[in-house]
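**Q** My structure is in work21.cif, and what it holds is mmCIF, C-alpha atoms:
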```cif
data_data
loop_
_atom_site.group_PDB
_atom_site.id
_atom_site.type_symbol
_atom_site.label_atom_id
_atom_site.label_comp_id
_atom_site.auth_asym_id
_atom_site.auth_seq_id
_atom_site.Cartn_x
_atom_site.Cartn_y
_atom_site.Cartn_z
ATOM 1 C CA MET A 6 0.000 0.000 0.000
ATOM 2 C CA ILE A 7 1.368 3.425 -0.941
ATOM 3 C CA GLY A 8 -0.057 6.673 0.509
ATOM 4 C CA LYS A 9 -3.828 6.853 0.189
ATOM 5 C CA GLY A 10 -3.957 4.608 -2.814
ATOM 6 C CA ILE A 11 -3.936 0.902 -2.997
ATOM 7 C CA ARG A 12 -1.750 -0.961 -5.339
ATOM 8 C CA VAL A 13 -2.300 -4.621 -5.815
ATOM 9 C CA GLU A 14 0.677 -6.400 -7.106
ATOM 10 C CA GLY A 15 0.337 -9.352 -9.422
ATOM 11 C CA LEU A 16 -2.959 -8.181 -10.905
ATOM 12 C CA GLU A 17 -1.798 -8.784 -14.460
ATOM 13 C CA GLU A 18 -0.853 -12.301 -13.522
ATOM 14 C CA VAL A 19 -4.289 -12.896 -11.994
ATOM 15 C CA LEU A 20 -6.046 -11.422 -15.042
ATOM 16 C CA GLY A 21 -3.925 -13.568 -17.310
ATOM 17 C CA THR A 22 -4.891 -16.685 -15.394
ATOM 18 C CA LEU A 23 -8.540 -15.612 -15.427
ATOM 19 C CA LYS A 24 -8.455 -15.090 -19.196
ATOM 20 C CA ASN A 25 -7.016 -18.561 -19.653
ATOM 21 C CA GLN A 26 -9.700 -19.998 -17.388
ATOM 22 C CA VAL A 27 -12.480 -18.244 -19.270
ATOM 23 C CA ARG A 28 -11.015 -19.478 -22.544
ATOM 24 C CA LEU A 29 -11.190 -23.045 -21.228
ATOM 25 C CA ILE A 30 -14.816 -22.864 -20.065
ATOM 26 C CA PRO A 31 -16.377 -23.843 -23.412
ATOM 27 C CA PHE A 32 -14.169 -26.943 -23.567
ATOM 28 C CA ARG A 33 -15.070 -27.801 -20.002
ATOM 29 C CA THR A 34 -18.784 -27.410 -20.790
ATOM 30 C CA LEU A 35 -18.524 -30.410 -23.089
ATOM 31 C CA THR A 36 -16.540 -32.315 -20.455
ATOM 32 C CA GLY A 37 -19.288 -31.576 -17.939
ATOM 33 C CA MET A 38 -21.971 -32.604 -20.414
ATOM 34 C CA ILE A 39 -20.214 -35.902 -21.060
ATOM 35 C CA ALA A 40 -20.036 -36.532 -17.310
ATOM 36 C CA GLY A 41 -23.729 -35.625 -17.056
ATOM 37 C CA GLY A 42 -24.573 -37.906 -19.976
ATOM 38 C CA LEU A 43 -22.813 -40.817 -18.322
ATOM 39 C CA THR A 44 -24.797 -40.150 -15.140
ATOM 40 C CA ILE A 45 -28.021 -40.308 -17.150
ATOM 41 C CA GLN A 46 -26.818 -43.497 -18.840
ATOM 42 C CA ARG A 47 -26.099 -45.169 -15.482
ATOM 43 C CA ARG A 48 -29.454 -44.085 -14.063
ATOM 44 C CA ALA A 49 -31.282 -45.432 -17.108
ATOM 45 C CA GLN A 50 -29.356 -48.710 -16.984
ATOM 46 C CA ASN A 51 -30.494 -49.175 -13.397
ATOM 47 C CA LEU A 52 -34.140 -48.827 -14.457
ATOM 48 C CA VAL A 53 -34.007 -50.985 -17.595
ATOM 49 C CA PRO A 54 -36.082 -54.177 -17.451
ATOM 50 C CA ARG A 55 -33.700 -57.137 -17.505
ATOM 51 C CA ASP A 56 -33.898 -60.484 -19.190
ATOM 52 C CA LEU A 57 -30.461 -61.348 -20.531
ATOM 53 C CA GLY A 58 -29.061 -57.893 -19.846
ATOM 54 C CA ASN A 59 -28.666 -57.094 -23.534
ATOM 55 C CA LEU A 60 -30.869 -54.022 -23.441
ATOM 56 C CA ARG A 61 -28.927 -52.737 -20.448
ATOM 57 C CA ALA A 62 -25.641 -53.435 -22.232
ATOM 58 C CA SER A 63 -26.744 -51.570 -25.351
ATOM 59 C CA ALA A 64 -26.639 -48.169 -23.633
ATOM 60 C CA PHE A 65 -24.229 -45.598 -25.013
ATOM 61 C CA THR A 66 -23.205 -41.965 -24.581
ATOM 62 C CA THR A 67 -21.806 -40.077 -27.553
ATOM 63 C CA TRP A 68 -20.443 -36.699 -28.559
ATOM 64 C CA SER A 69 -19.213 -35.743 -32.002
ATOM 65 C CA LYS A 70 -15.635 -36.876 -31.442
ATOM 66 C CA GLY A 71 -16.097 -39.721 -29.009
ATOM 67 C CA ALA A 72 -18.264 -42.302 -27.314
ATOM 68 C CA LYS A 73 -18.536 -44.469 -24.227
ATOM 69 C CA ASN A 74 -19.505 -48.131 -24.319
ATOM 70 C CA THR A 75 -18.514 -48.689 -27.931
ATOM 71 C CA ALA A 76 -18.031 -52.453 -27.633
ATOM 72 C CA PRO A 77 -20.438 -53.965 -25.122
ATOM 73 C CA SER A 78 -20.623 -57.684 -24.488
ATOM 74 C CA PHE A 79 -23.986 -59.143 -25.538
ATOM 75 C CA SER A 80 -25.396 -62.482 -24.453
ATOM 76 C CA ASN A 81 -26.150 -64.857 -27.330
ATOM 77 C CA ASP A 82 -28.848 -66.897 -25.528
ATOM 78 C CA HIS A 83 -31.471 -65.826 -28.068
ATOM 79 C CA GLY A 84 -29.012 -65.848 -30.959
ATOM 80 C CA ASP A 85 -29.047 -62.067 -31.167
ATOM 81 C CA ALA A 86 -25.472 -61.189 -30.187
ATOM 82 C CA SER A 87 -24.197 -60.680 -33.721
ATOM 83 C CA LYS A 88 -27.195 -58.515 -34.708
ATOM 84 C CA LEU A 89 -26.926 -56.514 -31.487
ATOM 85 C CA ASN A 90 -23.196 -55.935 -31.962
ATOM 86 C CA LYS A 91 -23.617 -54.817 -35.547
ATOM 87 C CA GLU A 92 -26.498 -52.499 -34.728
ATOM 88 C CA HIS A 93 -24.698 -51.063 -31.698
ATOM 89 C CA THR A 94 -21.714 -50.060 -33.820
ATOM 90 C CA GLN A 95 -24.066 -48.528 -36.377
ATOM 91 C CA ALA A 96 -26.175 -46.693 -33.757
ATOM 92 C CA VAL A 97 -23.110 -45.182 -32.088
ATOM 93 C CA ALA A 98 -21.706 -44.066 -35.443
ATOM 94 C CA GLU A 99 -25.025 -42.542 -36.520
ATOM 95 C CA SER A 100 -25.417 -40.799 -33.193
ATOM 96 C CA LYS A 101 -21.929 -39.265 -33.401
ATOM 97 C CA ALA A 102 -22.538 -38.135 -36.965
ATOM 98 C CA SER A 103 -25.780 -36.417 -35.958
ATOM 99 C CA LEU A 104 -24.133 -34.253 -33.295
ATOM 100 C CA SER A 105 -22.628 -30.825 -33.805
ATOM 101 C CA THR A 106 -18.916 -30.862 -34.541
ATOM 102 C CA ASN A 107 -18.589 -27.387 -33.040
ATOM 103 C CA GLU A 108 -17.947 -28.564 -29.524
ATOM 104 C CA ILE A 109 -17.304 -25.049 -28.284
ATOM 105 C CA LEU A 110 -20.329 -23.121 -29.551
ATOM 106 C CA HIS A 111 -22.759 -26.033 -29.701
ATOM 107 C CA PRO A 112 -21.623 -28.810 -27.388
ATOM 108 C CA GLU A 113 -23.941 -31.799 -27.704
ATOM 109 C CA VAL A 114 -24.082 -35.157 -25.964
ATOM 110 C CA GLU A 115 -26.504 -37.976 -26.693
ATOM 111 C CA VAL A 116 -27.520 -40.913 -24.525
ATOM 112 C CA GLY A 117 -29.282 -43.867 -26.100
ATOM 113 C CA PHE A 118 -29.894 -47.598 -26.299
ATOM 114 C CA SER A 119 -29.064 -49.444 -29.484
ATOM 115 C CA ALA A 120 -30.984 -52.719 -28.994
ATOM 116 C CA PHE A 121 -33.552 -53.104 -31.778
ATOM 117 C CA TYR A 122 -36.357 -53.650 -29.255
ATOM 118 C CA ALA A 123 -35.346 -50.763 -26.947
ATOM 119 C CA LEU A 124 -38.043 -48.403 -28.233
ATOM 120 C CA PHE A 125 -40.822 -50.963 -27.736
ATOM 121 C CA VAL A 126 -39.722 -51.719 -24.160
ATOM 122 C CA HIS A 127 -39.392 -47.997 -23.436
ATOM 123 C CA GLU A 128 -42.850 -47.148 -24.744
ATOM 124 C CA ASP A 129 -44.913 -50.109 -23.519
ATOM 125 C CA MET A 130 -46.538 -48.797 -20.355
ATOM 126 C CA GLU A 131 -48.642 -51.958 -19.950
ATOM 127 C CA ALA A 132 -45.720 -54.416 -19.811
ATOM 128 C CA LYS A 133 -45.106 -56.033 -16.427
ATOM 129 C CA HIS A 134 -41.606 -55.669 -14.971
ATOM 130 C CA LEU A 135 -39.809 -56.620 -11.780
ATOM 131 C CA ASN A 136 -39.753 -54.088 -8.961
ATOM 132 C CA GLY A 137 -37.545 -51.119 -9.712
ATOM 133 C CA LYS A 138 -37.567 -51.786 -13.474
ATOM 134 C CA GLN A 139 -39.880 -49.931 -15.791
ATOM 135 C CA ALA A 140 -40.871 -48.582 -19.186
ATOM 136 C CA LYS A 141 -39.769 -44.995 -19.856
ATOM 137 C CA PHE A 142 -36.419 -45.853 -18.264
ATOM 138 C CA LEU A 143 -34.491 -43.225 -20.229
ATOM 139 C CA GLN A 144 -37.157 -40.536 -19.831
ATOM 140 C CA GLN A 145 -37.225 -41.177 -16.087
ATOM 141 C CA ALA A 146 -33.421 -41.012 -15.900
ATOM 142 C CA VAL A 147 -33.405 -37.659 -17.688
ATOM 143 C CA SER A 148 -36.255 -36.314 -15.590
ATOM 144 C CA GLN A 149 -34.645 -37.260 -12.291
ATOM 145 C CA GLY A 150 -31.027 -36.792 -13.339
ATOM 146 C CA MET A 151 -31.181 -33.196 -14.579
ATOM 147 C CA PRO A 152 -29.792 -31.733 -11.319
ATOM 148 C CA ASP A 153 -26.824 -34.138 -11.653
ATOM 149 C CA VAL A 154 -26.189 -32.947 -15.202
ATOM 150 C CA ILE A 155 -26.284 -29.300 -14.183
ATOM 151 C CA LYS A 156 -23.987 -30.035 -11.252
ATOM 152 C CA ALA A 157 -21.530 -31.885 -13.514
ATOM 153 C CA ILE A 158 -21.390 -28.930 -15.910
ATOM 154 C CA GLU A 159 -21.019 -26.473 -13.027
ATOM 155 C CA THR A 160 -18.222 -28.551 -11.517
ATOM 156 C CA GLU A 161 -16.286 -28.559 -14.789
ATOM 157 C CA THR A 162 -16.817 -24.909 -15.659
ATOM 158 C CA ILE A 163 -16.050 -23.465 -12.244
ATOM 159 C CA ILE A 164 -12.815 -21.524 -12.206
ATOM 160 C CA LYS A 165 -10.305 -23.625 -10.368
ATOM 161 C CA GLU A 166 -7.586 -22.134 -8.191
ATOM 162 C CA SER A 167 -5.223 -24.965 -9.018
ATOM 163 C CA ASP A 168 -5.319 -24.102 -12.743
ATOM 164 C CA MET B 11 -53.444 -29.952 -9.134
ATOM 165 C CA ASN B 12 -54.664 -32.985 -11.054
ATOM 166 C CA PRO B 13 -52.467 -35.602 -12.652
ATOM 167 C CA VAL B 14 -52.084 -34.268 -16.180
ATOM 168 C CA THR B 15 -53.906 -37.320 -17.543
ATOM 169 C CA VAL B 16 -57.126 -36.265 -15.790
ATOM 170 C CA ASP B 17 -57.153 -32.900 -17.519
ATOM 171 C CA ILE B 18 -56.151 -34.425 -20.869
ATOM 172 C CA LYS B 19 -58.981 -36.932 -20.515
ATOM 173 C CA ASP B 20 -61.442 -34.063 -20.041
ATOM 174 C CA LEU B 21 -60.187 -32.388 -23.216
ATOM 175 C CA LEU B 22 -60.545 -35.589 -25.243
ATOM 176 C CA VAL B 23 -64.076 -36.133 -23.941
ATOM 177 C CA GLU B 24 -64.951 -32.510 -24.701
ATOM 178 C CA LYS B 25 -63.683 -32.994 -28.265
ATOM 179 C CA SER B 26 -65.785 -36.179 -28.633
ATOM 180 C CA ILE B 27 -62.731 -38.355 -29.169
ATOM 181 C CA GLY B 28 -64.135 -40.967 -26.775
ATOM 182 C CA GLU B 29 -66.201 -41.598 -23.641
ATOM 183 C CA TRP B 30 -64.706 -41.688 -20.169
ATOM 184 C CA GLY B 31 -64.636 -45.161 -18.629
ATOM 185 C CA THR B 32 -67.251 -46.691 -20.891
ATOM 186 C CA ILE B 33 -67.482 -50.426 -21.578
ATOM 187 C CA LYS B 34 -69.764 -49.947 -24.593
ATOM 188 C CA GLU B 35 -68.318 -51.602 -27.678
ATOM 189 C CA SER B 36 -69.856 -49.014 -29.986
ATOM 190 C CA VAL B 37 -67.602 -46.162 -28.839
ATOM 191 C CA TRP B 38 -63.999 -45.543 -27.887
ATOM 192 C CA GLY B 39 -63.491 -45.811 -24.135
ATOM 193 C CA ILE B 40 -61.035 -43.486 -22.427
ATOM 194 C CA PHE B 41 -59.113 -44.793 -19.412
ATOM 195 C CA ILE B 42 -56.263 -43.679 -17.173
ATOM 196 C CA GLY B 43 -53.291 -45.693 -15.967
ATOM 197 C CA LYS B 44 -54.512 -49.178 -16.862
ATOM 198 C CA GLU B 45 -55.734 -50.494 -20.186
ATOM 199 C CA PRO B 46 -58.765 -52.736 -19.584
ATOM 200 C CA ASP B 47 -59.442 -55.905 -21.594
ATOM 201 C CA ASN B 48 -62.794 -54.464 -22.719
ATOM 202 C CA PRO B 49 -64.030 -52.628 -24.681
ATOM 203 C CA THR B 50 -62.016 -53.412 -27.793
ATOM 204 C CA ASN B 51 -61.467 -49.788 -28.780
ATOM 205 C CA THR B 52 -59.606 -47.980 -26.033
ATOM 206 C CA ILE B 53 -57.640 -44.808 -25.446
ATOM 207 C CA THR B 54 -55.537 -45.112 -22.313
ATOM 208 C CA LEU B 55 -53.593 -42.252 -20.758
ATOM 209 C CA TYR B 56 -50.485 -42.582 -18.608
ATOM 210 C CA ASP B 57 -48.590 -40.023 -16.542
ATOM 211 C CA THR B 58 -44.929 -40.339 -17.529
ATOM 212 C CA PRO B 59 -41.762 -38.716 -16.105
ATOM 213 C CA GLY B 60 -41.741 -34.941 -16.508
ATOM 214 C CA VAL B 61 -39.959 -31.980 -14.984
ATOM 215 C CA VAL B 62 -40.844 -29.792 -12.009
ATOM 216 C CA GLY B 63 -39.298 -26.398 -11.397
ATOM 217 C CA LYS B 64 -39.896 -23.198 -9.526
ATOM 218 C CA GLN B 65 -41.006 -19.890 -10.957
ATOM 219 C CA PHE B 66 -39.058 -16.726 -10.473
ATOM 220 C CA ASP B 67 -40.880 -15.877 -7.259
ATOM 221 C CA ASN B 68 -39.475 -19.192 -5.982
ATOM 222 C CA LYS B 69 -42.816 -20.123 -4.457
ATOM 223 C CA ARG B 70 -45.112 -21.556 -7.074
ATOM 224 C CA HIS B 71 -44.107 -24.496 -9.189
ATOM 225 C CA PHE B 72 -44.194 -24.934 -12.926
ATOM 226 C CA PHE B 73 -44.494 -28.347 -14.498
ATOM 227 C CA HIS B 74 -43.557 -29.906 -17.789
ATOM 228 C CA SER B 75 -45.981 -32.754 -17.289
ATOM 229 C CA ALA B 76 -45.432 -35.624 -19.683
ATOM 230 C CA PHE B 77 -48.061 -38.132 -20.707
ATOM 231 C CA GLN B 78 -48.562 -40.991 -23.104
ATOM 232 C CA ILE B 79 -51.669 -41.825 -25.132
ATOM 233 C CA ARG B 80 -52.111 -45.478 -26.052
ATOM 234 C CA VAL B 81 -54.742 -46.384 -28.633
ATOM 235 C CA ARG B 82 -55.956 -49.957 -29.158
ATOM 236 C CA SER B 83 -58.277 -51.406 -31.775
ATOM 237 C CA ILE B 84 -58.674 -54.521 -33.918
ATOM 238 C CA ASP B 85 -58.109 -52.568 -37.087
ATOM 239 C CA TYR B 86 -54.666 -51.100 -37.758
ATOM 240 C CA LEU B 87 -55.937 -48.089 -39.666
ATOM 241 C CA ASP B 88 -58.647 -47.337 -37.093
ATOM 242 C CA SER B 89 -56.014 -47.306 -34.329
ATOM 243 C CA TYR B 90 -53.731 -45.083 -36.329
ATOM 244 C CA ALA B 91 -56.528 -42.671 -37.257
ATOM 245 C CA LYS B 92 -57.670 -42.405 -33.639
ATOM 246 C CA ALA B 93 -54.112 -41.735 -32.473
ATOM 247 C CA GLN B 94 -53.855 -38.998 -35.086
ATOM 248 C CA ALA B 95 -57.206 -37.583 -33.946
ATOM 249 C CA CYS B 96 -55.869 -37.380 -30.379
ATOM 250 C CA ILE B 97 -52.759 -35.574 -31.597
ATOM 251 C CA LYS B 98 -54.817 -33.140 -33.657
ATOM 252 C CA ALA B 99 -57.173 -32.458 -30.751
ATOM 253 C CA LEU B 100 -54.384 -31.693 -28.289
ATOM 254 C CA ASP B 101 -51.341 -30.361 -30.130
ATOM 255 C CA ARG B 102 -50.807 -26.634 -29.571
ATOM 256 C CA TYR B 103 -54.028 -26.466 -27.622
ATOM 257 C CA GLY B 104 -53.080 -23.095 -26.140
ATOM 258 C CA LYS B 105 -53.897 -21.536 -22.796
ATOM 259 C CA PHE B 106 -56.655 -22.733 -20.500
ATOM 260 C CA GLN B 107 -57.301 -23.063 -16.797
ATOM 261 C CA VAL B 108 -58.477 -25.917 -14.642
ATOM 262 C CA GLU B 109 -60.061 -25.300 -11.256
ATOM 263 C CA PRO B 110 -58.938 -24.720 -8.629
ATOM 264 C CA ASN B 111 -55.345 -23.726 -9.249
ATOM 265 C CA THR B 112 -53.856 -24.861 -12.542
ATOM 266 C CA SER B 113 -53.029 -22.755 -15.563
ATOM 267 C CA TYR B 114 -51.990 -24.467 -18.788
ATOM 268 C CA ASP B 115 -49.738 -22.538 -21.154
ATOM 269 C CA ASN B 116 -49.814 -25.141 -23.905
ATOM 270 C CA ILE B 117 -49.795 -28.784 -24.851
ATOM 271 C CA ILE B 118 -47.284 -30.111 -27.339
ATOM 272 C CA MET B 119 -47.581 -33.549 -28.885
ATOM 273 C CA GLU B 120 -44.053 -34.739 -29.466
ATOM 274 C CA ASP B 121 -44.181 -37.579 -31.920
ATOM 275 C CA GLU B 122 -46.058 -39.442 -34.595
ATOM 276 C CA PRO B 123 -47.921 -42.595 -33.539
ATOM 277 C CA LEU B 124 -45.599 -45.546 -32.924
ATOM 278 C CA ALA B 125 -46.952 -49.052 -33.562
ATOM 279 C CA LEU B 126 -46.220 -51.455 -30.715
ATOM 280 C CA PRO B 127 -46.451 -55.237 -31.116
ATOM 281 C CA GLU B 128 -50.050 -56.531 -31.144
ATOM 282 C CA ASP B 129 -51.525 -57.633 -27.836
ATOM 283 C CA SER B 130 -52.349 -61.264 -27.009
ATOM 284 C CA GLN B 131 -55.727 -60.922 -28.786
ATOM 285 C CA GLY B 132 -54.210 -59.609 -31.988
ATOM 286 C CA ARG B 133 -55.306 -56.021 -31.410
ATOM 287 C CA THR B 134 -53.163 -53.236 -32.809
ATOM 288 C CA ILE B 135 -51.643 -50.621 -30.509
ATOM 289 C CA PHE B 136 -50.304 -47.173 -31.266
ATOM 290 C CA VAL B 137 -48.686 -44.843 -28.750
ATOM 291 C CA THR B 138 -47.870 -41.165 -28.887
ATOM 292 C CA ASN B 139 -46.397 -38.813 -26.291
ATOM 293 C CA GLY B 140 -47.025 -35.247 -25.233
ATOM 294 C CA ILE B 141 -46.012 -32.584 -22.739
ATOM 295 C CA ALA B 142 -48.300 -30.141 -20.978
ATOM 296 C CA TYR B 143 -46.710 -26.873 -19.888
ATOM 297 C CA ARG B 144 -48.602 -25.815 -16.781
ATOM 298 C CA ARG B 145 -48.198 -24.015 -13.479
ATOM 299 C CA GLU B 146 -49.836 -23.419 -10.187
ATOM 300 C CA ILE B 147 -51.758 -20.174 -9.811
ATOM 301 C CA ALA B 148 -52.677 -18.417 -6.623
#
```
Show the structure stored in the file as structure tokens.

**A**
Amino acid sequence: MIGKGIRVEGLEEVLGTLKNQVRLIPFRTLTGMIAGGLTIQRRAQNLVPRDLGNLRASAFTTWSKGAKNTAPSFSNDHGDASKLNKEHTQAVAESKASLSTNEILHPEVEVGFSAFYALFVHEDMEAKHLNGKQAKFLQQAVSQGMPDVIKAIETETIIKESD
Amino acid sequence: MNPVTVDIKDLLVEKSIGEWGTIKESVWGIFIGKEPDNPTNTITLYDTPGVVGKQFDNKRHFFHSAFQIRVRSIDYLDSYAKAQACIKALDRYGKFQVEPNTSYDNIIMEDEPLALPEDSQGRTIFVTNGIAYRREIA
């Protein structure tokens, strides 16, 4: 401190760090969205009706340049493993291609299930399922998991002292 | 505040899409939450997961209340046409109020009818989904 004025030393350094942090926020938004997407995926997988576990295994989370659960292991008890594998690869590829490649201005993440019967199980409100399993498993996961998604994005975009 | 299906049911009855809870075979019966075996022609409504939030005053809630309409009939085209009639009757319905404390801003039907596998009696089933944007009023 000098005289009546106040001089803060190191301000330029702080502003420089802040600028770098702000520059990183868009990239971190996508990181947070991916984390949020994976939370939704896990929630949905917990609600999915289970027979052989193939529907559960067919869940995926994608963004334009990446994906999670690209090579799940499908049971072949009904002879469907080959079809499920092929369609999973195709669904993940189509999902990635449909998302914005501008991950800074338009970050997008998609959560889905590739099994060919996923839509019918999801939409059949009259089907009987074991306790804790249900139709509308993805819709329910999104509905209940939104606070987790927002928190994941907030966590990633917060300006961190350590950076 | 009613389950959204109750208010949607009233709109469908008002628009003569079907009759509430009827077992008459000559008309389309409208039901909520459970599709009965009879009559043959049914429209069943389900409350599905939606979103609840708070308005700016942080006191009253707003709701994005989701619902599903499930239409069943022997004839494929009859089922499809009835599902389309439901969509047409509800989509972009606009503002209305339901006593005692609910204000609807709009209803949006989200998708075209989806054919599900036939039931055990060979009846065709179509489903379609919608969201009602509504809030509590003082």

**Q** Restrict the distance test to all atoms listed in the file, flag each residue of chain A within 9 Å of chain B, and return the flagged residues as a list of chain:residue names.

**A** A:Phe125, A:Glu128, A:Asp129, A:Met130, A:Glu131, A:Lys141, A:Gln144, A:Gln145, A:Ala146, A:Val147, A:Ser148, A:Gln149, A:Met151

**Q** List the residues selected by the PyMOL selection byres ((chain A and resi 65) around 10) in the file shown, writing them as a PyMOL selection string.

**A** chain A and resi 42-43+46-47+61-64+66-67+72-77+93+96-97+100+115-119

**Q** Which residues come within 12 Å of Lys98 (chain B), counting all atoms listed in the file, excluding same-chain residues fewer than 2 positions away, as a PyMOL selection string?

**A** chain B and resi 21-22+25+27+91-96+100-103+117-123+138+140

**Q** Work out how far apart CA of Glu161 (chain A) and CA of Gly37 (chain A) are and give it in Å to one decimal.

**A** 5.3 Å

**Q** As an exercise, work out the distance from CA of Lys91 (chain A) to CA of Ala49 (chain A) in Å and give it to one decimal place.

**A**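 CA of Lys91 (chain A) sits 22.1 Å away from CA of Ala49 (chain A).
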
**Q** Which value, in Å to one decimal, gives the distance between CA of Lys156 (chain A) and CA of Phe77 (chain B)?

**A**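 CA of Lys156 (chain A) sits 27.1 Å away from CA of Phe77 (chain B).
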
**Q** Can you turn the PyMOL selection byres ((chain B and resi 147) around 8) into a concrete residue list for this file, as a PyMOL selection string?

**A** chain B and resi 70+111-113+145-146+148

**Q** Can you take region 63-116 of chain B from the block and write C-alpha atoms as an mmCIF file, in the first residue's frame?

**A**
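Wrote it out as decode-v5.cif, contents follow:
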```cif
data_model
loop_
_atom_site.group_PDB
_atom_site.id
_atom_site.type_symbol
_atom_site.label_atom_id
_atom_site.label_comp_id
_atom_site.auth_asym_id
_atom_site.auth_seq_id
_atom_site.Cartn_x
_atom_site.Cartn_y
_atom_site.Cartn_z
ATOM 1 C CA GLY B 63 -39.298 -26.398 -11.397
ATOM 2 C CA LYS B 64 -39.896 -23.198 -9.526
ATOM 3 C CA GLN B 65 -41.006 -19.890 -10.957
ATOM 4 C CA PHE B 66 -39.058 -16.726 -10.473
ATOM 5 C CA ASP B 67 -40.880 -15.877 -7.259
ATOM 6 C CA ASN B 68 -39.475 -19.192 -5.982
ATOM 7 C CA LYS B 69 -42.816 -20.123 -4.457
ATOM 8 C CA ARG B 70 -45.112 -21.556 -7.074
ATOM 9 C CA HIS B 71 -44.107 -24.496 -9.189
ATOM 10 C CA PHE B 72 -44.194 -24.934 -12.926
ATOM 11 C CA PHE B 73 -44.494 -28.347 -14.498
ATOM 12 C CA HIS B 74 -43.557 -29.906 -17.789
ATOM 13 C CA SER B 75 -45.981 -32.754 -17.289
ATOM 14 C CA ALA B 76 -45.432 -35.624 -19.683
ATOM 15 C CA PHE B 77 -48.061 -38.132 -20.707
ATOM 16 C CA GLN B 78 -48.562 -40.991 -23.104
ATOM 17 C CA ILE B 79 -51.669 -41.825 -25.132
ATOM 18 C CA ARG B 80 -52.111 -45.478 -26.052
ATOM 19 C CA VAL B 81 -54.742 -46.384 -28.633
ATOM 20 C CA ARG B 82 -55.956 -49.957 -29.158
ATOM 21 C CA SER B 83 -58.277 -51.406 -31.775
ATOM 22 C CA ILE B 84 -58.674 -54.521 -33.918
ATOM 23 C CA ASP B 85 -58.109 -52.568 -37.087
ATOM 24 C CA TYR B 86 -54.666 -51.100 -37.758
ATOM 25 C CA LEU B 87 -55.937 -48.089 -39.666
ATOM 26 C CA ASP B 88 -58.647 -47.337 -37.093
ATOM 27 C CA SER B 89 -56.014 -47.306 -34.329
ATOM 28 C CA TYR B 90 -53.731 -45.083 -36.329
ATOM 29 C CA ALA B 91 -56.528 -42.671 -37.257
ATOM 30 C CA LYS B 92 -57.670 -42.405 -33.639
ATOM 31 C CA ALA B 93 -54.112 -41.735 -32.473
ATOM 32 C CA GLN B 94 -53.855 -38.998 -35.086
ATOM 33 C CA ALA B 95 -57.206 -37.583 -33.946
ATOM 34 C CA CYS B 96 -55.869 -37.380 -30.379
ATOM 35 C CA ILE B 97 -52.759 -35.574 -31.597
ATOM 36 C CA LYS B 98 -54.817 -33.140 -33.657
ATOM 37 C CA ALA B 99 -57.173 -32.458 -30.751
ATOM 38 C CA LEU B 100 -54.384 -31.693 -28.289
ATOM 39 C CA ASP B 101 -51.341 -30.361 -30.130
ATOM 40 C CA ARG B 102 -50.807 -26.634 -29.571
ATOM 41 C CA TYR B 103 -54.028 -26.466 -27.622
ATOM 42 C CA GLY B 104 -53.080 -23.095 -26.140
ATOM 43 C CA LYS B 105 -53.897 -21.536 -22.796
ATOM 44 C CA PHE B 106 -56.655 -22.733 -20.500
ATOM 45 C CA GLN B 107 -57.301 -23.063 -16.797
ATOM 46 C CA VAL B 108 -58.477 -25.917 -14.642
ATOM 47 C CA GLU B 109 -60.061 -25.300 -11.256
ATOM 48 C CA PRO B 110 -58.938 -24.720 -8.629
ATOM 49 C CA ASN B 111 -55.345 -23.726 -9.249
ATOM 50 C CA THR B 112 -53.856 -24.861 -12.542
ATOM 51 C CA SER B 113 -53.029 -22.755 -15.563
ATOM 52 C CA TYR B 114 -51.990 -24.467 -18.788
ATOM 53 C CA ASP B 115 -49.738 -22.538 -21.154
ATOM 54 C CA ASN B 116 -49.814 -25.141 -23.905
#
```
